[in-house]
Amino acid sequence: MTRQMLQHLMSAEGQSRSAHTVEVFGWIMLAEALLVMLAPHQVAALLQLPALGEQAANYFRLMGLLLGGLGMLYVVSGRLNALGFVFASMLDRPLVPFIMATLWYLEIVPAPLALVFAVSDTVSVLWTLAAWRAEEAGNPAA
């Protein structure tokens with residue numbers, strides 16, 4: 001079973017269009033995680049966050065590690081064509097803009113960071129939804 005899963009992971013044979021969108025979103029998350037872990041001060045400056053002290057930079061790196069774990073989950077689920085995960089992600093990702101808006105309003109998260117997450121999740125879930133609907137309509141190549 002493990003060998004078969006690894007082979008499927010390497011080839012992504014039979015991957016649906018919607019699963020592909022989830023995989024791509026996962027690769028984006030992995031790239032973001034890598035940037036946060038390797039260059040936390042530069043990423044913080046890009047997002048217009050206050051300068052990070054040593055402890056804050058390490059916590060930011062920890063956030064990058066968690067983001068990377070989630071990205072890996074998206075990549076693997078997309079590669080394995082886990083349609084249950086694809087569907088679940090379409091329930092989860094639309095909540096992110098509302099959560100980010102609340103966190104920004106409560107002054108927990110700065111506006112640039114909230115905006116990055118809100119836009120990223122909104123665009124990606126709309127792409128996944130369009131692919132899902134095309135598959136449901138019998139047009140998997142759309």
# chains A, B, ... in the order shown; residues from 1 in each chain; ligands from 1
$ residues_around --residues "segment 17-29 of chain A" --least-positions-apart "5" --cutoff "6 Å" --atoms "only C-alpha atoms" --output "ChimeraX atom specification"
/A:71,74-75,78,81,128,131-132
$ residues_around --residues "Phe60 of chain A" --least-positions-apart "6" --cutoff "8 Å" --atoms "only C-alpha atoms" --output "PyMOL selection string"
chain A and resi 36-37+40
$ residues_around --residues "Trp104 of chain A" --least-positions-apart "4" --cutoff "12 Å" --atoms "only C-alpha atoms" --output "PyMOL selection string"
chain A and resi 96-100+108-118
$ select_by_dssp --residues "chain A" --states "alpha helix (DSSP H)" --output "ChimeraX atom specification"
/A:2-11,17-38,40-46,54-79,83-92,96-105,111-136
$ write_last_selection --atoms "C-alpha atoms" --output "short mmCIF file (atom, residue, chain, number, x, y, z; two decimals), in the first residue's frame"
data_model
loop_
_atom_site.label_atom_id
_atom_site.label_comp_id
_atom_site.auth_asym_id
_atom_site.auth_seq_id
_atom_site.Cartn_x
_atom_site.Cartn_y
_atom_site.Cartn_z
CA THR A 2 2.78 2.44 0.92
CA ARG A 3 4.64 1.79 -2.30
CA GLN A 4 1.47 2.33 -4.34
CA MET A 5 0.78 5.63 -2.55
CA LEU A 6 4.35 6.80 -3.13
CA GLN A 7 4.12 5.93 -6.82
CA HIS A 8 0.84 7.82 -7.09
CA LEU A 9 2.40 10.74 -5.21
CA MET A 10 5.28 10.86 -7.70
CA SER A 11 3.13 10.63 -10.84
CA ARG A 17 -8.31 19.65 -12.07
CA SER A 18 -9.63 20.69 -8.67
CA ALA A 19 -7.03 18.53 -6.90
CA HIS A 20 -4.38 20.22 -9.05
CA THR A 21 -5.50 23.65 -7.80
CA VAL A 22 -5.13 22.43 -4.21
CA GLU A 23 -1.65 21.12 -5.00
CA VAL A 24 -0.59 24.45 -6.53
CA PHE A 25 -1.93 26.32 -3.49
CA GLY A 26 0.13 23.97 -1.32
CA TRP A 27 3.31 24.73 -3.31
CA ILE A 28 2.65 28.45 -2.82
CA MET A 29 2.26 27.87 0.92
CA LEU A 30 5.52 25.89 0.98
CA ALA A 31 7.34 28.72 -0.80
CA GLU A 32 5.93 31.25 1.67
CA ALA A 33 6.95 29.02 4.56
CA LEU A 34 10.48 28.72 3.25
CA LEU A 35 10.77 32.50 2.92
CA VAL A 36 9.45 33.06 6.44
CA MET A 37 11.84 30.50 7.93
CA LEU A 38 14.94 31.65 6.04
CA PRO A 40 11.92 36.41 8.66
CA HIS A 41 13.19 39.99 8.93
CA GLN A 42 12.89 40.62 5.19
CA VAL A 43 9.40 39.10 5.02
CA ALA A 44 8.31 41.17 8.03
CA ALA A 45 9.61 44.33 6.34
CA LEU A 46 7.83 43.41 3.08
CA GLU A 54 15.35 37.83 18.10
CA GLN A 55 12.50 36.11 19.93
CA ALA A 56 9.85 37.51 17.56
CA ALA A 57 11.89 36.33 14.55
CA ASN A 58 12.02 32.83 16.04
CA TYR A 59 8.25 32.82 16.61
CA PHE A 60 7.79 34.04 13.04
CA ARG A 61 9.96 31.12 11.89
CA LEU A 62 7.78 28.79 13.95
CA MET A 63 4.73 30.19 12.12
CA GLY A 64 6.58 29.45 8.87
CA LEU A 65 7.13 25.86 10.00
CA LEU A 66 3.40 25.45 10.68
CA LEU A 67 2.56 27.04 7.32
CA GLY A 68 4.95 24.60 5.67
CA GLY A 69 3.25 21.64 7.33
CA LEU A 70 -0.11 22.84 6.07
CA GLY A 71 1.38 23.41 2.62
CA MET A 72 2.70 19.86 2.59
CA LEU A 73 -0.76 18.58 3.49
CA TYR A 74 -2.23 20.51 0.53
CA VAL A 75 0.47 19.28 -1.89
CA VAL A 76 0.15 15.63 -0.89
CA SER A 77 -3.66 15.71 -0.84
CA GLY A 78 -3.71 17.32 -4.27
CA ARG A 79 -1.18 14.89 -5.71
CA LEU A 83 -11.33 14.82 -3.30
CA GLY A 84 -12.59 14.83 0.28
CA PHE A 85 -9.72 17.15 1.19
CA VAL A 86 -10.39 19.31 -1.89
CA PHE A 87 -14.01 19.68 -0.79
CA ALA A 88 -13.02 20.41 2.82
CA SER A 89 -10.60 23.09 1.62
CA MET A 90 -13.48 24.80 -0.18
CA LEU A 91 -15.28 25.03 3.16
CA ASP A 92 -12.23 26.29 5.07
CA VAL A 96 -10.00 33.19 5.97
CA PRO A 97 -10.94 36.70 4.70
CA PHE A 98 -13.51 37.08 7.49
CA ILE A 99 -11.07 35.83 10.12
CA MET A 100 -8.33 38.14 8.81
CA ALA A 101 -10.72 41.10 8.78
CA THR A 102 -11.64 40.38 12.39
CA LEU A 103 -8.01 40.02 13.43
CA TRP A 104 -7.16 43.27 11.66
CA TYR A 105 -10.15 45.07 13.25
CA ALA A 111 -3.48 45.22 7.45
CA PRO A 112 -0.83 44.08 4.89
CA LEU A 113 -0.59 40.62 6.46
CA ALA A 114 -4.37 40.26 6.70
CA LEU A 115 -4.72 41.37 3.08
CA VAL A 116 -2.12 38.88 1.81
CA PHE A 117 -3.89 35.96 3.48
CA ALA A 118 -7.38 37.14 2.51
CA VAL A 119 -6.52 37.66 -1.17
CA SER A 120 -4.47 34.47 -1.46
CA ASP A 121 -7.17 32.26 0.02
CA THR A 122 -10.00 33.97 -1.87
CA VAL A 123 -8.33 33.68 -5.27
CA SER A 124 -7.27 30.09 -4.67
CA VAL A 125 -10.68 28.90 -3.48
CA LEU A 126 -12.39 30.55 -6.45
CA TRP A 127 -9.99 28.71 -8.76
CA THR A 128 -10.68 25.42 -6.98
CA LEU A 129 -14.44 26.04 -7.06
CA ALA A 130 -14.37 26.78 -10.79
CA ALA A 131 -12.45 23.56 -11.46
CA TRP A 132 -14.77 21.57 -9.18
CA ARG A 133 -17.88 22.92 -10.91
CA ALA A 134 -16.42 22.16 -14.33
CA GLU A 135 -15.75 18.58 -13.22
CA GLU A 136 -19.29 18.28 -11.87
#
$ atom_distance --atom1 "atom CA of Gly138 of chain A" --atom2 "atom CA of Leu80 of chain A"
20.6 Å
$ atom_distance --atom1 "atom CA of Leu47 of chain A" --atom2 "atom CA of Arg93 of chain A"
20.9 Å
$ decode --residues "segment 25-130 of chain A" --atoms "C-alpha atoms" --output "PDB file, in the first residue's frame"
ATOM      1  CA  PHE A  25      -1.930  26.320  -3.487  1.00  0.00           C
ATOM      2  CA  GLY A  26       0.133  23.967  -1.323  1.00  0.00           C
ATOM      3  CA  TRP A  27       3.309  24.728  -3.307  1.00  0.00           C
ATOM      4  CA  ILE A  28       2.650  28.452  -2.818  1.00  0.00           C
ATOM      5  CA  MET A  29       2.258  27.872   0.920  1.00  0.00           C
ATOM      6  CA  LEU A  30       5.515  25.887   0.985  1.00  0.00           C
ATOM      7  CA  ALA A  31       7.340  28.717  -0.797  1.00  0.00           C
ATOM      8  CA  GLU A  32       5.930  31.248   1.670  1.00  0.00           C
ATOM      9  CA  ALA A  33       6.950  29.021   4.564  1.00  0.00           C
ATOM     10  CA  LEU A  34      10.481  28.723   3.250  1.00  0.00           C
ATOM     11  CA  LEU A  35      10.775  32.504   2.920  1.00  0.00           C
ATOM     12  CA  VAL A  36       9.452  33.063   6.437  1.00  0.00           C
ATOM     13  CA  MET A  37      11.837  30.497   7.930  1.00  0.00           C
ATOM     14  CA  LEU A  38      14.940  31.645   6.036  1.00  0.00           C
ATOM     15  CA  ALA A  39      14.361  35.414   5.913  1.00  0.00           C
ATOM     16  CA  PRO A  40      11.923  36.413   8.662  1.00  0.00           C
ATOM     17  CA  HIS A  41      13.194  39.988   8.934  1.00  0.00           C
ATOM     18  CA  GLN A  42      12.893  40.618   5.190  1.00  0.00           C
ATOM     19  CA  VAL A  43       9.396  39.098   5.024  1.00  0.00           C
ATOM     20  CA  ALA A  44       8.314  41.169   8.026  1.00  0.00           C
ATOM     21  CA  ALA A  45       9.608  44.329   6.340  1.00  0.00           C
ATOM     22  CA  LEU A  46       7.832  43.413   3.083  1.00  0.00           C
ATOM     23  CA  LEU A  47       4.562  42.980   4.998  1.00  0.00           C
ATOM     24  CA  GLN A  48       5.174  46.276   6.811  1.00  0.00           C
ATOM     25  CA  LEU A  49       5.363  44.554  10.180  1.00  0.00           C
ATOM     26  CA  PRO A  50       7.333  46.164  13.003  1.00  0.00           C
ATOM     27  CA  ALA A  51      11.001  45.209  13.191  1.00  0.00           C
ATOM     28  CA  LEU A  52      11.394  41.755  14.692  1.00  0.00           C
ATOM     29  CA  GLY A  53      13.515  41.150  17.749  1.00  0.00           C
ATOM     30  CA  GLU A  54      15.349  37.834  18.095  1.00  0.00           C
ATOM     31  CA  GLN A  55      12.500  36.112  19.931  1.00  0.00           C
ATOM     32  CA  ALA A  56       9.852  37.506  17.558  1.00  0.00           C
ATOM     33  CA  ALA A  57      11.887  36.326  14.554  1.00  0.00           C
ATOM     34  CA  ASN A  58      12.022  32.833  16.035  1.00  0.00           C
ATOM     35  CA  TYR A  59       8.247  32.824  16.613  1.00  0.00           C
ATOM     36  CA  PHE A  60       7.795  34.042  13.043  1.00  0.00           C
ATOM     37  CA  ARG A  61       9.963  31.125  11.891  1.00  0.00           C
ATOM     38  CA  LEU A  62       7.778  28.793  13.946  1.00  0.00           C
ATOM     39  CA  MET A  63       4.734  30.186  12.119  1.00  0.00           C
ATOM     40  CA  GLY A  64       6.584  29.445   8.873  1.00  0.00           C
ATOM     41  CA  LEU A  65       7.127  25.860   9.996  1.00  0.00           C
ATOM     42  CA  LEU A  66       3.402  25.449  10.685  1.00  0.00           C
ATOM     43  CA  LEU A  67       2.561  27.044   7.325  1.00  0.00           C
ATOM     44  CA  GLY A  68       4.949  24.597   5.671  1.00  0.00           C
ATOM     45  CA  GLY A  69       3.250  21.636   7.332  1.00  0.00           C
ATOM     46  CA  LEU A  70      -0.112  22.836   6.070  1.00  0.00           C
ATOM     47  CA  GLY A  71       1.376  23.413   2.616  1.00  0.00           C
ATOM     48  CA  MET A  72       2.698  19.856   2.587  1.00  0.00           C
ATOM     49  CA  LEU A  73      -0.763  18.584   3.486  1.00  0.00           C
ATOM     50  CA  TYR A  74      -2.225  20.508   0.526  1.00  0.00           C
ATOM     51  CA  VAL A  75       0.472  19.279  -1.891  1.00  0.00           C
ATOM     52  CA  VAL A  76       0.152  15.626  -0.893  1.00  0.00           C
ATOM     53  CA  SER A  77      -3.656  15.712  -0.840  1.00  0.00           C
ATOM     54  CA  GLY A  78      -3.712  17.323  -4.275  1.00  0.00           C
ATOM     55  CA  ARG A  79      -1.177  14.886  -5.711  1.00  0.00           C
ATOM     56  CA  LEU A  80      -3.133  11.921  -4.324  1.00  0.00           C
ATOM     57  CA  ASN A  81      -6.384  13.331  -5.710  1.00  0.00           C
ATOM     58  CA  ALA A  82      -7.977  13.358  -2.260  1.00  0.00           C
ATOM     59  CA  LEU A  83     -11.334  14.817  -3.300  1.00  0.00           C
ATOM     60  CA  GLY A  84     -12.587  14.832   0.282  1.00  0.00           C
ATOM     61  CA  PHE A  85      -9.723  17.155   1.187  1.00  0.00           C
ATOM     62  CA  VAL A  86     -10.394  19.305  -1.887  1.00  0.00           C
ATOM     63  CA  PHE A  87     -14.013  19.683  -0.787  1.00  0.00           C
ATOM     64  CA  ALA A  88     -13.017  20.406   2.816  1.00  0.00           C
ATOM     65  CA  SER A  89     -10.596  23.091   1.624  1.00  0.00           C
ATOM     66  CA  MET A  90     -13.482  24.798  -0.182  1.00  0.00           C
ATOM     67  CA  LEU A  91     -15.279  25.031   3.162  1.00  0.00           C
ATOM     68  CA  ASP A  92     -12.233  26.292   5.068  1.00  0.00           C
ATOM     69  CA  ARG A  93     -10.583  28.812   2.738  1.00  0.00           C
ATOM     70  CA  PRO A  94     -13.613  31.119   2.300  1.00  0.00           C
ATOM     71  CA  LEU A  95     -13.523  31.757   6.062  1.00  0.00           C
ATOM     72  CA  VAL A  96     -10.003  33.193   5.967  1.00  0.00           C
ATOM     73  CA  PRO A  97     -10.945  36.701   4.703  1.00  0.00           C
ATOM     74  CA  PHE A  98     -13.510  37.079   7.494  1.00  0.00           C
ATOM     75  CA  ILE A  99     -11.071  35.832  10.117  1.00  0.00           C
ATOM     76  CA  MET A 100      -8.330  38.135   8.809  1.00  0.00           C
ATOM     77  CA  ALA A 101     -10.725  41.100   8.780  1.00  0.00           C
ATOM     78  CA  THR A 102     -11.639  40.377  12.392  1.00  0.00           C
ATOM     79  CA  LEU A 103      -8.007  40.022  13.433  1.00  0.00           C
ATOM     80  CA  TRP A 104      -7.165  43.275  11.656  1.00  0.00           C
ATOM     81  CA  TYR A 105     -10.154  45.072  13.248  1.00  0.00           C
ATOM     82  CA  LEU A 106      -9.055  43.892  16.696  1.00  0.00           C
ATOM     83  CA  GLU A 107      -5.527  45.134  15.866  1.00  0.00           C
ATOM     84  CA  ILE A 108      -4.048  41.664  16.289  1.00  0.00           C
ATOM     85  CA  VAL A 109      -2.781  41.426  12.696  1.00  0.00           C
ATOM     86  CA  PRO A 110      -1.535  44.351  10.584  1.00  0.00           C
ATOM     87  CA  ALA A 111      -3.479  45.223   7.446  1.00  0.00           C
ATOM     88  CA  PRO A 112      -0.832  44.084   4.894  1.00  0.00           C
ATOM     89  CA  LEU A 113      -0.590  40.618   6.457  1.00  0.00           C
ATOM     90  CA  ALA A 114      -4.373  40.263   6.702  1.00  0.00           C
ATOM     91  CA  LEU A 115      -4.722  41.367   3.080  1.00  0.00           C
ATOM     92  CA  VAL A 116      -2.124  38.883   1.805  1.00  0.00           C
ATOM     93  CA  PHE A 117      -3.892  35.957   3.481  1.00  0.00           C
ATOM     94  CA  ALA A 118      -7.378  37.140   2.512  1.00  0.00           C
ATOM     95  CA  VAL A 119      -6.521  37.660  -1.168  1.00  0.00           C
ATOM     96  CA  SER A 120      -4.468  34.468  -1.456  1.00  0.00           C
ATOM     97  CA  ASP A 121      -7.171  32.261   0.018  1.00  0.00           C
ATOM     98  CA  THR A 122     -10.004  33.971  -1.873  1.00  0.00           C
ATOM     99  CA  VAL A 123      -8.327  33.677  -5.275  1.00  0.00           C
ATOM    100  CA  SER A 124      -7.267  30.085  -4.666  1.00  0.00           C
ATOM    101  CA  VAL A 125     -10.677  28.901  -3.476  1.00  0.00           C
ATOM    102  CA  LEU A 126     -12.393  30.553  -6.451  1.00  0.00           C
ATOM    103  CA  TRP A 127      -9.990  28.714  -8.758  1.00  0.00           C
ATOM    104  CA  THR A 128     -10.676  25.417  -6.982  1.00  0.00           C
ATOM    105  CA  LEU A 129     -14.437  26.038  -7.062  1.00  0.00           C
ATOM    106  CA  ALA A 130     -14.374  26.784 -10.795  1.00  0.00           C
TER     107      ALA A 130
END
